[in-house]
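*Asks:* The structure that follows is given in the form of structure tokens.
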Amino acid sequence: MDACDLRLPANGPTGPNSCTLRLGPINGIQRGDRVIVSEPAGRIRSLRTYSAVSAVLTGTIALYIALVAFGNITDFDTNQQFVRHVLAMDTTFKDDDLMWRAIKSTALQDTAYVAIIVWESIAALVLIAATAMWGAGLRGGSVRRARQASTVGLLMLMLLFGAGFIAIGGEWFAMWQSKTWNGLEAATRVFLISGIVLLLIHLLAAERTGPDATHDRNATD
């Protein structure tokens with residue numbers, strides 16, 4: 001839209017052809033009795049920036065967890081041994097006060113490992129879908145579902161690596177005591193990165209502004 005001048009008479013609009021204009025927030029400059037109106041910073045541009053940033057962040061995490069799940073499926077034995085040793089607690093200090101927590105059954109150990117792979121795969125699919133939804137936001141579509149899907153996928157990762165590996169694996173099964181089978185550092189890294197991405201997506205949504213605030217909030221909140 002080209003810039004235009006709206007001349008506002010000092011005593012208000014008069015005459016049979018007068019009309020009342022209801023104006024929302026605009027990017028304009030008022031000079032005396034004139035308001036020079038220019039097109040505001042467009043909602044589409046702001047939405048595209050938000051969608052692009054969120055798509056990159058979500059897509060990066062989606063790629064990572066998809067590769068993790070793919071690696072666990074195609075190289076099943078490597079991390080199978082990791083899970084077995086962690087649950088068996090056979091490389092910890094073997095304190096009698098703690099060893100009653102150990103799971104010796106290989107069937108239960110493998111069931112836990114398969115459950116981890118399934119959880120990772122679902123999280124990867126959710127985040128991949130969320131990334132595609134952010135891509136739709138680049139074309140001006142609603143991004144509410146994209147943010148919801150990202151939230152679900154990222155929370156799934158935080159539950160897996162936070163509650164699963166750090167809390168249950170690290171503390172309940174005393175993984176921190178093992179020098180050989182210790183995944184706390186990697187789990188903490190993924191937990192923190194997922195949390196940062198989750199916060200950024202929501203903080204960026206809160207910081208976004210546009211001329212159609214009500215519509216914009218309905219699209220992104």
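Chains: A, B, ... in order of the structure tokens. Residues: from 1 per chain. Ligands: from 1, in order shown.
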Excluding A:Ile166 and residues on its chain fewer than 3 positions from it, collect all residues at most 9 Å away from it, counting only C-alpha atoms, and give them as an mmCIF file with C-alpha atoms, in the first residue's frame.

*Replies:*
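Just written: part01.cif:
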```cif
data_model
loop_
_atom_site.group_PDB
_atom_site.id
_atom_site.type_symbol
_atom_site.label_atom_id
_atom_site.label_comp_id
_atom_site.auth_asym_id
_atom_site.auth_seq_id
_atom_site.Cartn_x
_atom_site.Cartn_y
_atom_site.Cartn_z
ATOM 1 C CA LEU A 160 13.090 -39.134 28.096
ATOM 2 C CA PHE A 161 16.479 -37.592 28.780
ATOM 3 C CA GLY A 162 15.551 -35.770 31.980
ATOM 4 C CA ALA A 163 13.236 -38.143 33.809
ATOM 5 C CA GLY A 169 19.111 -43.996 35.010
ATOM 6 C CA GLY A 170 21.485 -41.611 36.756
ATOM 7 C CA GLU A 171 20.087 -41.741 40.286
ATOM 8 C CA MET A 175 24.617 -44.626 36.479
ATOM 9 C CA GLY A 183 25.331 -41.367 29.555
ATOM 10 C CA LEU A 184 24.622 -38.504 31.940
ATOM 11 C CA GLU A 185 26.652 -35.920 30.029
ATOM 12 C CA ALA A 187 21.509 -36.812 28.352
ATOM 13 C CA THR A 188 22.045 -33.500 30.121
#
```

*Asks:* Identify, on the basis of only C-alpha atoms, every residue whose closest approach to A:Leu200 does not exceed 9 Å; exclude the query and any residue fewer than 5 positions from it along the same chain; express the result as a ChimeraX atom specification.

*Replies:* /A:54,57,195,205

*Asks:* Keeping C-alpha atoms for every residue in the selection just given, could you write it to a file as a tab-separated table (two decimals), in the first residue's frame?

*Replies:*
```
chain	number	residue	atom	x	y	z
A	54	SER	CA	11.26	-21.86	14.89
A	57	LEU	CA	15.39	-24.79	15.78
A	195	GLY	CA	14.57	-26.89	26.97
A	205	ALA	CA	5.82	-15.89	20.20
```

*Asks:* Give me the residues near A:Leu67 as a list in words, where near means some atom within 10 Å (using only C-alpha atoms) and where sequence neighbours in that chain fewer than 6 positions away do not count.

*Replies:*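 Surrounding residues, per the criterion: Ile61, Ile73, Glu120, Ser121 and Ala124 of chain A.
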
*Asks:* What does the file look like for those residues with C-alpha atoms, as an mmCIF file, in the first residue's frame?

*Replies:*
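Written output follows (result17.cif):
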```cif
data_model
loop_
_atom_site.group_PDB
_atom_site.id
_atom_site.type_symbol
_atom_site.label_atom_id
_atom_site.label_comp_id
_atom_site.auth_asym_id
_atom_site.auth_seq_id
_atom_site.Cartn_x
_atom_site.Cartn_y
_atom_site.Cartn_z
ATOM 1 C CA ILE A 61 16.312 -31.168 17.089
ATOM 2 C CA ILE A 73 17.330 -49.393 15.114
ATOM 3 C CA GLU A 120 12.501 -41.560 20.349
ATOM 4 C CA SER A 121 10.863 -42.485 17.035
ATOM 5 C CA ALA A 124 11.186 -37.581 15.940
#
```

*Asks:* Mind the document's chain letters and residue numbers, and return as a ChimeraX atom specification the residues of stretch 109-212 of chain A that DSSP labels helix (DSSP H, G or I).

*Replies:* /A:109-137,144-172,175-177,184-207

*Asks:* Quick one: pull the distance between atom CA of A:Leu98 and atom CA of A:Asn79, Å, one decimal.

*Replies:*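 For atom CA of A:Leu98 relative to atom CA of A:Asn79, the distance reads 23.4 Å.
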
*Asks:* From stretch 27-162 of chain A, collect each residue whose DSSP state is strand (DSSP E or B) and return the set as a list in words.

*Replies:*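 Secondary structure check on stretch 27-162 of chain A, strand (DSSP E or B): Asn27, Gly28, Ile29, Gln30, Arg31, Arg34, Val35, Ile36, Val37 and Ser38 of chain A.
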
*Asks:* Save out the residues we just selected, N, CA and C atoms, as a PDB file, in the first residue's frame.

*Replies:*
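Now in part19.pdb:
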```
ATOM      1  N   ASN A  27       1.825   2.394  11.620  1.00  0.00           N
ATOM      2  CA  ASN A  27       3.144   2.999  11.550  1.00  0.00           C
ATOM      3  C   ASN A  27       2.980   4.290  10.770  1.00  0.00           C
ATOM      4  N   GLY A  28       2.807   5.400  11.423  1.00  0.00           N
ATOM      5  CA  GLY A  28       2.579   6.656  10.725  1.00  0.00           C
ATOM      6  C   GLY A  28       3.247   7.803  11.446  1.00  0.00           C
ATOM      7  N   ILE A  29       3.309   8.933  10.797  1.00  0.00           N
ATOM      8  CA  ILE A  29       3.900  10.129  11.374  1.00  0.00           C
ATOM      9  C   ILE A  29       2.865  11.232  11.317  1.00  0.00           C
ATOM     10  N   GLN A  30       2.583  11.855  12.438  1.00  0.00           N
ATOM     11  CA  GLN A  30       1.617  12.940  12.485  1.00  0.00           C
ATOM     12  C   GLN A  30       2.364  14.271  12.432  1.00  0.00           C
ATOM     13  N   ARG A  31       1.984  15.109  11.483  1.00  0.00           N
ATOM     14  CA  ARG A  31       2.588  16.417  11.341  1.00  0.00           C
ATOM     15  C   ARG A  31       1.477  17.462  11.329  1.00  0.00           C
ATOM     16  N   ARG A  34      -1.961  16.753   9.758  1.00  0.00           N
ATOM     17  CA  ARG A  34      -1.856  15.670   8.782  1.00  0.00           C
ATOM     18  C   ARG A  34      -1.277  14.415   9.420  1.00  0.00           C
ATOM     19  N   VAL A  35      -1.799  13.294   9.024  1.00  0.00           N
ATOM     20  CA  VAL A  35      -1.246  12.012   9.436  1.00  0.00           C
ATOM     21  C   VAL A  35      -0.749  11.308   8.194  1.00  0.00           C
ATOM     22  N   ILE A  36       0.536  11.146   8.115  1.00  0.00           N
ATOM     23  CA  ILE A  36       1.120  10.453   6.963  1.00  0.00           C
ATOM     24  C   ILE A  36       1.138   8.966   7.297  1.00  0.00           C
ATOM     25  N   VAL A  37       0.336   8.236   6.571  1.00  0.00           N
ATOM     26  CA  VAL A  37       0.142   6.820   6.884  1.00  0.00           C
ATOM     27  C   VAL A  37       0.964   5.973   5.931  1.00  0.00           C
ATOM     28  N   SER A  38       1.753   5.107   6.483  1.00  0.00           N
ATOM     29  CA  SER A  38       2.480   4.148   5.660  1.00  0.00           C
ATOM     30  C   SER A  38       2.110   2.752   6.101  1.00  0.00           C
TER      31      SER A  38
END
```

*Asks:* Go through A:Trp172, A:Trp181, A:Phe191, A:Phe70 one by one, measure the shortest atom-to-atom distance of each to A:Val83 using only C-alpha atoms, and give the residue with the smallest value.

*Replies:*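 Answer, going by the shortest atom-to-atom distance: A:Trp181.
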
*Asks:* Measuring atom to atom with only C-alpha atoms, identify which of A:Val152, A:Ala62, A:Arg147, A:Thr92 is nearest to A:Leu204.

*Replies:* A:Arg147

*Asks:* Quick one: pull the distance between atom CA of A:Arg139 and atom CA of A:Arg48, Å, one decimal.

*Replies:*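 Pair atom CA of A:Arg139 / atom CA of A:Arg48 returns 7.2 Å.
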
*Asks:* Which is closer to A:Ser46 than all the others in A:Leu159, A:Leu63, A:Leu138, A:Ile201, using only C-alpha atoms?

*Replies:*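 Ranked by minimum distance to A:Ser46, first place goes to A:Leu138.
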
*Asks:* Quick check, in Å to one decimal: how far apart do atom CA of A:Val86 and atom CA of A:Val68 lie?

*Replies:*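 Between atom CA of A:Val86 and atom CA of A:Val68 the gap is 18.4 Å.
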
*Asks:* Contacts of A:Asp90 at 12 Å or less, counting only C-alpha atoms, minus same-chain residues fewer than 2 places along, as an MDAnalysis selection string?

*Replies:* chainID A and resid 81:88 92:95 98:104 173:175 177:181
